[in-house]
file data.pdb (PDB, C-alpha atoms)
MODEL        1
ATOM      1  CA  MET F   1      78.301  96.413 103.399
ATOM      2  CA  PRO F   2      81.626  98.310 103.222
ATOM      3  CA  ALA F   3      84.797  96.424 104.120
ATOM      4  CA  ARG F   4      86.212  97.078 107.557
ATOM      5  CA  LYS F   5      89.029  99.572 107.549
ATOM      6  CA  PRO F   6      92.351  98.128 108.716
ATOM      7  CA  VAL F   7      93.398  99.234 112.196
ATOM      8  CA  ILE F   8      96.972 100.513 112.216
ATOM      9  CA  GLY F   9      98.994 101.359 115.300
ATOM     10  CA  MET F  10     101.509 104.169 114.739
ATOM     11  CA  VAL F  11     104.536 103.793 117.029
ATOM     12  CA  MET F  12     105.512 107.355 117.959
ATOM     13  CA  GLY F  13     109.265 106.715 117.832
ATOM     14  CA  ASP F  14     111.784 108.945 119.557
ATOM     15  CA  ALA F  15     110.014 111.854 121.258
ATOM     16  CA  ALA F  16     112.796 114.348 120.518
ATOM     17  CA  GLY F  17     112.836 113.632 116.800
ATOM     18  CA  ILE F  18     110.485 114.371 113.929
ATOM     19  CA  GLY F  19     108.241 111.368 114.592
ATOM     20  CA  PRO F  20     105.456 113.216 116.439
ATOM     21  CA  GLU F  21     105.165 115.933 113.797
ATOM     22  CA  ILE F  22     105.173 113.628 110.759
ATOM     23  CA  ILE F  23     102.445 111.610 112.481
ATOM     24  CA  LEU F  24     100.432 114.820 112.892
ATOM     25  CA  SER F  25     100.961 115.638 109.210
ATOM     26  CA  ALA F  26      99.792 112.165 108.222
ATOM     27  CA  PHE F  27      96.571 112.594 110.199
ATOM     28  CA  GLN F  28      95.896 115.852 108.367
ATOM     29  CA  ASN F  29      96.303 114.146 104.980
ATOM     30  CA  LYS F  30      92.694 113.343 104.071
ATOM     31  CA  GLY F  31      93.649 110.421 101.839
ATOM     32  CA  VAL F  32      95.683 108.830 104.613
ATOM     33  CA  ALA F  33      93.098 109.470 107.305
ATOM     34  CA  GLU F  34      90.214 107.945 105.358
ATOM     35  CA  ALA F  35      92.038 104.796 104.254
ATOM     36  CA  ALA F  36      92.380 103.168 107.685
ATOM     37  CA  SER F  37      91.698 103.581 111.378
ATOM     38  CA  HIS F  38      94.936 104.958 112.783
ATOM     39  CA  PHE F  39      96.006 105.773 116.302
ATOM     40  CA  VAL F  40      99.262 106.630 118.074
ATOM     41  CA  ILE F  41     101.060 104.308 120.463
ATOM     42  CA  GLY F  42     103.168 106.720 122.445
ATOM     43  CA  SER F  43     102.738 109.719 124.718
ATOM     44  CA  MET F  44      99.762 112.054 124.826
ATOM     45  CA  GLU F  45     101.912 114.770 126.416
ATOM     46  CA  VAL F  46     104.532 114.591 123.665
ATOM     47  CA  MET F  47     101.939 114.601 120.891
ATOM     48  CA  GLU F  48     100.224 117.647 122.392
ATOM     49  CA  ARG F  49     103.579 119.384 122.802
ATOM     50  CA  ALA F  50     104.432 118.675 119.168
ATOM     51  CA  ALA F  51     101.101 120.121 118.019
ATOM     52  CA  ARG F  52     101.705 123.320 120.012
ATOM     53  CA  THR F  53     105.315 123.628 118.872
ATOM     54  CA  ILE F  54     104.562 123.387 115.169
ATOM     55  CA  ASP F  55     101.256 125.260 115.525
ATOM     56  CA  LYS F  56      98.892 122.491 114.450
ATOM     57  CA  LYS F  57      95.523 122.913 116.154
ATOM     58  CA  VAL F  58      94.278 119.334 116.331
ATOM     59  CA  PRO F  59      92.093 117.563 118.917
ATOM     60  CA  PHE F  60      93.343 114.481 120.740
ATOM     61  CA  CYS F  61      91.581 111.591 122.411
ATOM     62  CA  ARG F  62      93.229 109.500 125.125
ATOM     63  CA  LEU F  63      92.590 105.804 124.493
ATOM     64  CA  GLU F  64      92.488 103.289 127.299
ATOM     65  CA  SER F  65      92.254 100.449 124.788
ATOM     66  CA  VAL F  66      91.984  99.935 121.032
ATOM     67  CA  LYS F  67      88.209  99.570 121.428
ATOM     68  CA  ASP F  68      88.025 103.258 122.431
ATOM     69  CA  LEU F  69      89.072 104.157 118.888
ATOM     70  CA  ASN F  70      85.431 103.741 117.816
ATOM     71  CA  SER F  71      84.461 106.806 119.855
ATOM     72  CA  ALA F  72      87.467 108.967 118.892
ATOM     73  CA  GLY F  73      85.694 110.463 115.887
ATOM     74  CA  ASP F  74      87.842 113.068 114.167
ATOM     75  CA  ARG F  75      90.196 113.284 117.121
ATOM     76  CA  ILE F  76      93.680 111.765 117.078
ATOM     77  CA  GLY F  77      93.618 108.735 119.336
ATOM     78  CA  VAL F  78      96.646 108.232 121.565
ATOM     79  CA  LEU F  79      97.178 105.031 123.525
ATOM     80  CA  ASN F  80      99.657 105.990 126.222
ATOM     81  CA  ALA F  81     102.551 103.526 126.467
ATOM     82  CA  GLU F  82     105.055 105.868 128.081
ATOM     83  CA  GLU F  83     107.091 104.241 130.841
ATOM     84  CA  GLN F  84     108.504 107.424 132.323
ATOM     85  CA  ARG F  85     107.688 111.094 131.851
ATOM     86  CA  ASN F  86     110.650 113.196 130.759
ATOM     87  CA  PRO F  87     110.703 116.398 132.858
ATOM     88  CA  HIS F  88     113.768 117.737 131.005
ATOM     89  CA  PHE F  89     112.544 117.186 127.457
ATOM     90  CA  ARG F  90     114.306 119.047 124.656
ATOM     91  CA  TRP F  91     113.858 118.686 120.905
ATOM     92  CA  GLY F  92     116.798 117.169 119.052
ATOM     93  CA  VAL F  93     118.691 115.854 122.077
ATOM     94  CA  VAL F  94     119.683 112.249 122.772
ATOM     95  CA  ASP F  95     117.950 111.243 125.983
ATOM     96  CA  ALA F  96     117.835 107.887 127.778
ATOM     97  CA  ILE F  97     114.235 108.404 128.916
ATOM     98  CA  ASN F  98     113.102 108.994 125.342
ATOM     99  CA  GLY F  99     115.056 105.925 124.247
ATOM    100  CA  SER F 100     113.470 103.751 126.929
ATOM    101  CA  ASN F 101     110.006 105.038 126.077
ATOM    102  CA  SER F 102     110.406 104.349 122.362
ATOM    103  CA  VAL F 103     111.268 100.740 123.203
ATOM    104  CA  ALA F 104     108.133 100.556 125.370
ATOM    105  CA  TYR F 105     106.016 101.864 122.479
ATOM    106  CA  MET F 106     107.279  99.082 120.204
ATOM    107  CA  LYS F 107     106.671  96.477 122.881
ATOM    108  CA  LYS F 108     103.072  97.637 123.259
ATOM    109  CA  ALA F 109     102.543  97.594 119.497
ATOM    110  CA  VAL F 110     103.750  94.001 119.266
ATOM    111  CA  GLU F 111     101.461  93.019 122.143
ATOM    112  CA  LEU F 112      98.469  94.514 120.326
ATOM    113  CA  ALA F 113      99.395  92.954 116.993
ATOM    114  CA  LEU F 114      99.943  89.485 118.470
ATOM    115  CA  GLY F 115      96.616  89.837 120.263
ATOM    116  CA  ASN F 116      94.922  90.589 116.921
ATOM    117  CA  GLU F 117      93.755  93.970 118.244
ATOM    118  CA  ILE F 118      95.430  95.783 115.357
ATOM    119  CA  ASP F 119      96.113  94.741 111.757
ATOM    120  CA  ALA F 120      99.479  96.390 111.216
ATOM    121  CA  VAL F 121     102.200  98.458 112.851
ATOM    122  CA  VAL F 122     103.994 101.489 111.390
ATOM    123  CA  ILE F 123     107.057 102.769 113.246
ATOM    124  CA  ALA F 124     108.083 106.435 113.235
ATOM    125  CA  PRO F 125     111.823 107.249 113.374
ATOM    126  CA  LEU F 126     113.815 105.794 116.260
ATOM    127  CA  ASN F 127     117.134 106.976 117.642
ATOM    128  CA  LYS F 128     119.415 104.011 118.301
ATOM    129  CA  GLU F 129     121.833 106.064 120.409
ATOM    130  CA  ALA F 130     119.031 107.105 122.763
ATOM    131  CA  MET F 131     117.837 103.505 122.943
ATOM    132  CA  HIS F 132     121.306 102.186 123.735
ATOM    133  CA  VAL F 133     122.067 104.755 126.441
ATOM    134  CA  SER F 134     118.809 103.655 128.070
ATOM    135  CA  GLY F 135     120.175 100.116 128.369
ATOM    136  CA  PHE F 136     118.811  98.630 125.121
ATOM    137  CA  GLN F 137     120.805  95.439 124.530
ATOM    138  CA  TYR F 138     119.891  94.725 120.904
ATOM    139  CA  PRO F 139     121.841  95.908 117.833
ATOM    140  CA  ASP F 140     118.677  97.365 116.307
ATOM    141  CA  GLU F 141     114.892  97.315 116.481
ATOM    142  CA  SER F 142     114.610  94.374 114.060
ATOM    143  CA  ALA F 143     116.432  92.107 116.508
ATOM    144  CA  PHE F 144     114.210  93.374 119.322
ATOM    145  CA  LEU F 145     110.998  92.816 117.358
ATOM    146  CA  GLY F 146     112.188  89.362 116.392
ATOM    147  CA  ASP F 147     112.891  88.462 120.008
ATOM    148  CA  LEU F 148     109.450  89.667 121.100
ATOM    149  CA  THR F 149     107.737  87.578 118.411
ATOM    150  CA  LYS F 150     110.096  84.574 118.523
ATOM    151  CA  THR F 151     110.896  85.011 114.840
ATOM    152  CA  ARG F 152     113.873  86.123 112.799
ATOM    153  CA  ALA F 153     112.951  89.690 111.857
ATOM    154  CA  TYR F 154     114.968  91.720 109.397
ATOM    155  CA  GLY F 155     114.648  95.091 107.725
ATOM    156  CA  VAL F 156     114.031  95.294 103.981
ATOM    157  CA  PRO F 157     114.217  98.860 102.631
ATOM    158  CA  SER F 158     111.885  99.458  99.693
ATOM    159  CA  TRP F 159     111.367 102.142  97.078
ATOM    160  CA  ASN F 160     109.351 102.095  93.876
ATOM    161  CA  ASN F 161     108.979  98.283  94.045
ATOM    162  CA  ILE F 162     112.724  97.781  94.525
ATOM    163  CA  PHE F 163     113.700  95.920  97.693
ATOM    164  CA  ARG F 164     117.141  95.432  99.175
ATOM    165  CA  MET F 165     118.968  93.633 101.953
ATOM    166  CA  SER F 166     122.541  93.662 103.200
ATOM    167  CA  VAL F 167     124.687  90.707 104.236
ATOM    168  CA  THR F 168     126.252  92.691 107.097
ATOM    169  CA  ALA F 169     124.660  95.570 108.976
ATOM    170  CA  HIS F 170     125.817  97.650 111.936
ATOM    171  CA  ILE F 171     129.444  96.577 112.209
ATOM    172  CA  PRO F 172     132.807  98.325 111.648
ATOM    173  CA  LEU F 173     133.735  98.494 107.977
ATOM    174  CA  ARG F 174     137.074  96.745 108.596
ATOM    175  CA  GLN F 175     135.158  93.573 109.575
ATOM    176  CA  VAL F 176     133.052  93.386 106.423
ATOM    177  CA  ALA F 177     135.469  91.480 104.152
ATOM    178  CA  ASP F 178     135.873  88.686 106.699
ATOM    179  CA  LEU F 179     132.085  88.261 106.896
ATOM    180  CA  VAL F 180     131.459  88.189 103.155
ATOM    181  CA  THR F 181     131.224  84.432 102.853
ATOM    182  CA  LYS F 182     129.166  82.066 100.736
ATOM    183  CA  GLU F 183     127.493  80.716 103.869
ATOM    184  CA  ARG F 184     126.347  84.206 104.912
ATOM    185  CA  ILE F 185     125.286  85.396 101.456
ATOM    186  CA  ILE F 186     123.031  82.468 100.465
ATOM    187  CA  PRO F 187     120.491  82.922 103.319
ATOM    188  CA  VAL F 188     120.186  86.645 102.535
ATOM    189  CA  ILE F 189     119.469  85.946  98.869
ATOM    190  CA  LYS F 190     116.838  83.411  99.919
ATOM    191  CA  ARG F 191     115.216  85.725 102.519
ATOM    192  CA  LEU F 192     114.961  88.554 100.019
ATOM    193  CA  SER F 193     113.508  86.276  97.344
ATOM    194  CA  ASP F 194     111.005  84.812  99.828
ATOM    195  CA  THR F 195     110.018  88.275 101.058
ATOM    196  CA  LEU F 196     109.338  89.529  97.533
ATOM    197  CA  SER F 197     107.306  86.414  96.768
ATOM    198  CA  ARG F 198     105.186  87.002  99.872
ATOM    199  CA  MET F 199     104.731  90.609  98.773
ATOM    200  CA  GLY F 200     103.047  89.292  95.626
ATOM    201  CA  ILE F 201     105.974  89.580  93.200
ATOM    202  CA  VAL F 202     105.985  86.514  90.950
ATOM    203  CA  SER F 203     109.399  84.949  90.266
ATOM    204  CA  PRO F 204     111.403  87.859  91.734
ATOM    205  CA  ARG F 205     114.801  88.549  90.209
ATOM    206  CA  ILE F 206     117.594  89.098  92.734
ATOM    207  CA  GLY F 207     120.883  90.811  91.911
ATOM    208  CA  VAL F 208     123.936  90.467  94.156
ATOM    209  CA  ALA F 209     126.502  93.244  94.492
ATOM    210  CA  ALA F 210     130.244  92.797  94.375
ATOM    211  CA  LEU F 211     132.501  93.819  97.247
ATOM    212  CA  ASN F 212     135.479  95.180  95.331
ATOM    213  CA  PRO F 213     135.715  97.893  92.635
ATOM    214  CA  HIS F 214     134.708  96.649  89.173
ATOM    215  CA  ALA F 215     133.613  93.352  90.784
ATOM    216  CA  GLY F 216     137.278  92.602  91.460
ATOM    217  CA  GLU F 217     138.380  92.683  87.793
ATOM    218  CA  GLY F 218     138.924  88.915  87.712
ATOM    219  CA  GLY F 219     140.854  88.938  90.970
ATOM    220  CA  ALA F 220     143.021  91.964  90.288
ATOM    221  CA  PHE F 221     141.338  94.015  93.021
ATOM    222  CA  GLY F 222     140.422  91.222  95.433
ATOM    223  CA  ASP F 223     139.113  87.696  95.067
ATOM    224  CA  GLU F 224     135.983  87.684  97.255
ATOM    225  CA  GLU F 225     133.839  87.721  94.115
ATOM    226  CA  ILE F 226     135.521  84.537  92.854
ATOM    227  CA  ARG F 227     135.814  82.691  96.168
ATOM    228  CA  GLU F 228     132.561  83.610  97.938
ATOM    229  CA  ILE F 229     130.031  85.756  96.067
ATOM    230  CA  ALA F 230     129.781  84.010  92.682
ATOM    231  CA  PRO F 231     129.540  80.552  94.331
ATOM    232  CA  ALA F 232     126.743  81.892  96.564
ATOM    233  CA  VAL F 233     124.848  83.101  93.495
ATOM    234  CA  CYS F 234     125.294  79.701  91.828
ATOM    235  CA  SER F 235     123.998  77.923  94.944
ATOM    236  CA  ALA F 236     120.948  80.195  95.027
ATOM    237  CA  GLN F 237     120.274  79.434  91.374
ATOM    238  CA  GLU F 238     120.427  75.707  92.147
ATOM    239  CA  MET F 239     117.697  76.356  94.766
ATOM    240  CA  GLY F 240     115.467  77.743  92.020
ATOM    241  CA  ILE F 241     116.036  81.405  92.865
ATOM    242  CA  LEU F 242     116.419  83.847  89.968
ATOM    243  CA  ALA F 243     119.701  85.236  91.280
ATOM    244  CA  SER F 244     122.475  86.870  89.273
ATOM    245  CA  GLY F 245     125.752  88.670  89.864
ATOM    246  CA  PRO F 246     128.040  89.722  91.332
ATOM    247  CA  TYR F 247     127.568  93.123  89.730
ATOM    248  CA  PRO F 248     129.738  96.172  90.410
ATOM    249  CA  ALA F 249     128.192  97.892  93.411
ATOM    250  CA  ASP F 250     128.242 101.315  91.766
ATOM    251  CA  THR F 251     125.862 100.224  88.984
ATOM    252  CA  ILE F 252     123.699  97.445  90.421
ATOM    253  CA  PHE F 253     121.054  99.844  91.699
ATOM    254  CA  VAL F 254     120.822 101.358  88.222
ATOM    255  CA  ARG F 255     119.922  97.880  86.972
ATOM    256  CA  ALA F 256     117.147  97.747  89.553
ATOM    257  CA  MET F 257     115.851 101.163  88.525
ATOM    258  CA  LYS F 258     115.676  99.927  84.925
ATOM    259  CA  GLY F 259     113.561  96.978  86.034
ATOM    260  CA  GLU F 260     116.148  94.268  85.369
ATOM    261  CA  ILE F 261     115.970  93.090  88.985
ATOM    262  CA  GLN F 262     113.485  93.701  91.808
ATOM    263  CA  GLY F 263     115.709  92.776  94.734
ATOM    264  CA  VAL F 264     119.301  93.798  95.466
ATOM    265  CA  VAL F 265     121.618  92.068  97.921
ATOM    266  CA  PHE F 266     124.320  94.455  99.063
ATOM    267  CA  LEU F 267     127.239  93.347 101.194
ATOM    268  CA  TYR F 268     127.345  96.072 103.822
ATOM    269  CA  HIS F 269     125.152  98.777 105.319
ATOM    270  CA  ASP F 270     126.323 101.922 103.539
ATOM    271  CA  GLN F 271     126.798 100.181 100.194
ATOM    272  CA  GLY F 272     123.038  99.762 100.056
ATOM    273  CA  ASN F 273     121.980 102.888 101.913
ATOM    274  CA  ILE F 274     124.005 105.257  99.747
ATOM    275  CA  ALA F 275     122.415 103.926  96.564
ATOM    276  CA  MET F 276     118.827 103.961  97.795
ATOM    277  CA  LYS F 277     119.019 107.230  99.696
ATOM    278  CA  THR F 278     120.610 108.991  96.746
ATOM    279  CA  ALA F 279     117.844 107.790  94.455
ATOM    280  CA  ALA F 280     114.962 108.240  96.861
ATOM    281  CA  PHE F 281     115.867 110.141 100.014
ATOM    282  CA  GLY F 282     112.743 110.624 102.101
ATOM    283  CA  LYS F 283     110.644 108.430  99.803
ATOM    284  CA  SER F 284     111.739 104.925 100.745
ATOM    285  CA  VAL F 285     110.109 102.630 103.291
ATOM    286  CA  LEU F 286     111.418  99.971 105.650
ATOM    287  CA  VAL F 287     109.561  96.647 105.700
ATOM    288  CA  TYR F 288     110.128  94.604 108.851
ATOM    289  CA  ALA F 289     110.010  91.148 107.280
ATOM    290  CA  GLY F 290     109.936  87.962 109.314
ATOM    291  CA  LEU F 291     107.217  89.174 111.688
ATOM    292  CA  PRO F 292     103.808  87.492 111.990
ATOM    293  CA  PHE F 293     102.015  90.753 111.133
ATOM    294  CA  PRO F 294     102.563  93.601 108.633
ATOM    295  CA  CYS F 295     105.050  96.108 109.982
ATOM    296  CA  THR F 296     106.688  99.014 108.169
ATOM    297  CA  GLY F 297     108.533 102.188 109.059
ATOM    298  CA  THR F 298     110.400 105.156 107.711
ATOM    299  CA  ALA F 299     113.728 104.575 106.026
ATOM    300  CA  HIS F 300     115.206 107.720 107.570
ATOM    301  CA  GLY F 301     116.229 108.792 111.034
ATOM    302  CA  THR F 302     114.987 111.212 113.662
ATOM    303  CA  ALA F 303     116.418 114.335 111.955
ATOM    304  CA  TYR F 304     117.192 115.992 115.298
ATOM    305  CA  GLU F 305     118.503 119.095 113.546
ATOM    306  CA  ILE F 306     115.004 120.064 112.357
ATOM    307  CA  ALA F 307     112.843 118.466 115.047
ATOM    308  CA  GLY F 308     110.134 120.748 116.428
ATOM    309  CA  GLN F 309     110.485 123.242 113.565
ATOM    310  CA  ALA F 310     107.614 122.143 111.265
ATOM    311  CA  LYS F 311     110.165 121.350 108.540
ATOM    312  CA  ALA F 312     109.857 117.571 108.492
ATOM    313  CA  ASP F 313     108.717 115.848 105.306
ATOM    314  CA  PRO F 314     106.091 113.171 106.095
ATOM    315  CA  THR F 315     106.379 111.426 102.709
ATOM    316  CA  SER F 316     108.284 108.340 103.890
ATOM    317  CA  PHE F 317     105.935 107.851 106.843
ATOM    318  CA  GLU F 318     102.855 108.215 104.659
ATOM    319  CA  LEU F 319     104.282 105.725 102.161
ATOM    320  CA  ALA F 320     104.958 103.347 105.057
ATOM    321  CA  LEU F 321     101.297 103.656 106.045
ATOM    322  CA  LYS F 322     100.216 103.000 102.469
ATOM    323  CA  LEU F 323     102.402  99.920 102.168
ATOM    324  CA  ALA F 324     101.148  98.592 105.518
ATOM    325  CA  ARG F 325      97.551  98.966 104.281
ATOM    326  CA  GLN F 326      98.410  97.164 101.047
ATOM    327  CA  MET F 327     100.026  94.342 102.993
ATOM    328  CA  VAL F 328      96.896  93.975 105.119
ATOM    329  CA  SER F 329      94.623  93.940 102.072
ATOM    330  CA  ARG F 330      96.792  91.322 100.347
ATOM    331  CA  GLY F 331      96.992  89.198 103.466
ATOM    332  CA  CYS F 332     100.776  89.482 103.427
ATOM    333  CA  VAL F 333     102.335  87.812 106.454
ATOM    334  CA  LEU F 334     106.084  87.896 106.119
ATOM    335  CA  SER F 335     106.804  85.555 109.016
ATOM    336  CA  THR F 336     109.316  82.773 108.785
ATOM    337  CA  THR F 337     110.168  79.769 110.880
ATOM    338  CA  GLU F 338     113.875  80.340 110.294
ATOM    339  CA  GLN F 339     115.719  81.153 113.498
TER     340      GLN F 339
ENDMDL
END
call {"tool": "encode", "arguments": {"input": "data.pdb", "output": "structure tokens"}}
result
Amino acid sequence: MPARKPVIGMVMGDAAGIGPEIILSAFQNKGVAEAASHFVIGSMEVMERAARTIDKKVPFCRLESVKDLNSAGDRIGVLNAEEQRNPHFRWGVVDAINGSNSVAYMKKAVELALGNEIDAVVIAPLNKEAMHVSGFQYPDESAFLGDLTKTRAYGVPSWNNIFRMSVTAHIPLRQVADLVTKERIIPVIKRLSDTLSRMGIVSPRIGVAALNPHAGEGGAFGDEEIREIAPAVCSAQEMGILASGPYPADTIFVRAMKGEIQGVVFLYHDQGNIAMKTAAFGKSVLVYAGLPFPCTGTAHGTAYEIAGQAKADPTSFELALKLARQMVSRGCVLSTTEQ
């Protein structure tokens, strides 16, 4: 008897971005379509509009519940979770209604996952500006997902079996140095090591980036490496974690690409994003660790400038689907009791 295919809910993301069209492309990829039972959590109207706009002639099936997926056949199942129809929709434009709806899609996905109706969630690109103008009170979707599940959720970008985390995220750059402390760095090293272990990586090696040029040159260019970062690495080592560093930030990702380390702890948002996006733009995946179910997403944004033009590359979304399936098959649950 063949194994049951995993059931994966695709969160449509921001309606005005490339999410709807990369979802359509994924459905038309035979390898993707046959590997799991997928359906869209979003808006039937938006998905149909996207199909017309980019000239993809595909059939849709409105789902009232996940159980209806059994009768969808070759049609694309859409479970409508739209809170409010947008009568003034335009591609590539920040809109509060779209932002509010994308939040509603995520909320529905979490409800289904916690109810064991689906095995995994994959999130198409979101637009944080649209979410915030709609009244969204969280810094990002990870915080929102964590609140919904009563866990500490955090994003772990991944590419080619390299995973990374940052000590600080969406804050002004001038605040970063004050927040680079031993007490803040140690938990990030531990979370990344724990996440990699739960992903099936045995004895993961974690490298920690420096803050200053040339890792501070012994204090000549700043002493954060001496006062905070190196002591954090030593503390992690005492916990049994294979941590090393601090390494100059402009070469640490090269070490990862050579296989010396599997996980990289960067100190601020762009320090990590620049490295990974330069190496693998459009091919990296975001793992939402800390949740009680597998959840992944694209590691890129809504690409408003090309939305609705059939130019979007679905690679990152398809890789996110693949990783979600692998996590289901391995029984990976990246939840944590840490609050």
call {"tool": "resolve_selection", "arguments": {"input": "data.pdb", "expression": "the PyMOL selection byres ((chain F and resi 23-25) around 8)", "output": "PyMOL selection string"}}
result
chain F and resi 10+12+19-22+26-29+51+56+124+314+317
call {"tool": "resolve_selection", "arguments": {"input": "data.pdb", "expression": "the PyMOL selection byres ((chain F and resi 145) around 12)", "output": "count of residues only"}}
result
39
call {"tool": "atom_distance", "arguments": {"input": "data.pdb", "atom1": "CA of Leu267 (chain F)", "atom2": "CA of Ala324 (chain F)"}}
result
27.0 Å
call {"tool": "closest_residue", "arguments": {"input": "data.pdb", "among": "F:Ala279, F:Leu319, F:Val46, F:Ile261", "to": "Pro87 (chain F)", "atoms": "all atoms listed in the file"}}
result
F:Val46
call {"tool": "resolve_selection", "arguments": {"input": "data.pdb", "expression": "the PyMOL selection byres ((chain F and resi 40) around 9)", "output": "list in words"}}
result
Ile8, Gly9, Met10, Val11, Met12, Ile23, His38, Phe39, Ile41, Gly42, Ser43, Met44, Met47, Ile76, Gly77, Val78, Leu79 and Asn80 of chain F
call {"tool": "atom_distance", "arguments": {"input": "data.pdb", "atom1": "CA of Ala33 (chain F)", "atom2": "CA of Gly282 (chain F)"}}
result
20.4 Å
call {"tool": "axis_aligned_box", "arguments": {"input": "data.pdb", "around": "region 139-145 of chain F", "padding_each_side": "6 Å", "output": "lines of an AutoDock Vina configuration file"}}
result
center_x = 116.4
center_y = 94.7
center_z = 116.7
size_x = 22.8
size_y = 17.3
size_z = 17.3
call {"tool": "atom_distance", "arguments": {"input": "data.pdb", "atom1": "CA of Ala236 (chain F)", "atom2": "CA of Pro187 (chain F)"}}
result
8.7 Å
call {"tool": "closest_residue", "arguments": {"input": "data.pdb", "among": "F:Val93, F:Ile189, F:Leu69, F:Leu63", "to": "Ala81 (chain F)", "atoms": "all atoms listed in the file"}}
result
F:Leu63
call {"tool": "residues_around", "arguments": {"input": "data.pdb", "residues": "Glu228 (chain F)", "least_positions_apart": "2", "cutoff": "12 Å", "atoms": "only C-alpha atoms", "output": "VMD selection string"}}
result
chain F and resid 177 to 186 208 to 211 222 to 226 230 to 235 245 to 246 267
call {"tool": "residues_around", "arguments": {"input": "data.pdb", "residues": "Leu112 (chain F)", "least_positions_apart": "6", "cutoff": "9 Å", "atoms": "all atoms listed in the file", "output": "ChimeraX atom specification"}}
result
/F:9,66,118-119
call {"tool": "closest_residue", "arguments": {"input": "data.pdb", "among": "F:Gln271, F:Gln137, F:Ser316, F:Asn98", "to": "Val176 (chain F)", "atoms": "all atoms listed in the file"}}
result
F:Gln271
call {"tool": "closest_residue", "arguments": {"input": "data.pdb", "among": "F:Ile241, F:Leu126, F:Ala50, F:Ala169", "to": "Pro204 (chain F)", "atoms": "only C-alpha atoms"}}
result
F:Ile241
call {"tool": "closest_residue", "arguments": {"input": "data.pdb", "among": "F:Pro59, F:Gly200, F:Gly301, F:Gly99", "to": "Gln326 (chain F)", "atoms": "only C-alpha atoms"}}
result
F:Gly200
call {"tool": "decode", "arguments": {"input": "data.pdb", "residues": "region 299-312 of chain F", "atoms": "N, CA and C atoms", "output": "CSV table (one decimal), in the first residue's frame"}}
result
chain,number,residue,atom,x,y,z
F,299,ALA,N,12.6,32.9,0.7
F,299,ALA,CA,13.6,33.8,1.3
F,299,ALA,C,13.7,35.1,0.5
F,300,HIS,N,12.7,35.4,-0.3
F,300,HIS,CA,12.7,36.7,-1.0
F,300,HIS,C,11.3,37.4,-0.8
F,301,GLY,N,11.2,38.6,-1.3
F,301,GLY,CA,10.0,39.4,-1.0
F,301,GLY,C,9.0,39.2,-2.2
F,302,THR,N,8.1,40.2,-2.2
F,302,THR,CA,6.9,40.2,-3.1
F,302,THR,C,7.2,40.6,-4.5
F,303,ALA,N,8.4,41.2,-4.7
F,303,ALA,CA,8.8,41.6,-6.1
F,303,ALA,C,7.7,42.4,-6.8
F,304,TYR,N,7.2,43.4,-6.2
F,304,TYR,CA,6.1,44.2,-6.7
F,304,TYR,C,6.4,44.7,-8.2
F,305,GLU,N,7.7,45.0,-8.4
F,305,GLU,CA,8.0,45.5,-9.7
F,305,GLU,C,7.8,44.6,-10.9
F,306,ILE,N,7.7,43.3,-10.6
F,306,ILE,CA,7.4,42.4,-11.7
F,306,ILE,C,6.1,41.6,-11.5
F,307,ALA,N,5.4,41.9,-10.5
F,307,ALA,CA,4.1,41.2,-10.2
F,307,ALA,C,3.1,41.3,-11.3
F,308,GLY,N,2.5,40.2,-11.6
F,308,GLY,CA,1.5,40.1,-12.7
F,308,GLY,C,2.0,40.2,-14.1
F,309,GLN,N,3.3,39.9,-14.3
F,309,GLN,CA,4.0,40.0,-15.6
F,309,GLN,C,4.5,38.7,-16.1
F,310,ALA,N,4.3,37.6,-15.3
F,310,ALA,CA,4.7,36.2,-15.7
F,310,ALA,C,6.3,36.2,-15.8
F,311,LYS,N,6.9,37.0,-14.9
F,311,LYS,CA,8.4,37.0,-14.9
F,311,LYS,C,9.0,36.4,-13.7
F,312,ALA,N,8.1,36.0,-12.7
F,312,ALA,CA,8.6,35.6,-11.4
F,312,ALA,C,9.2,34.2,-11.5
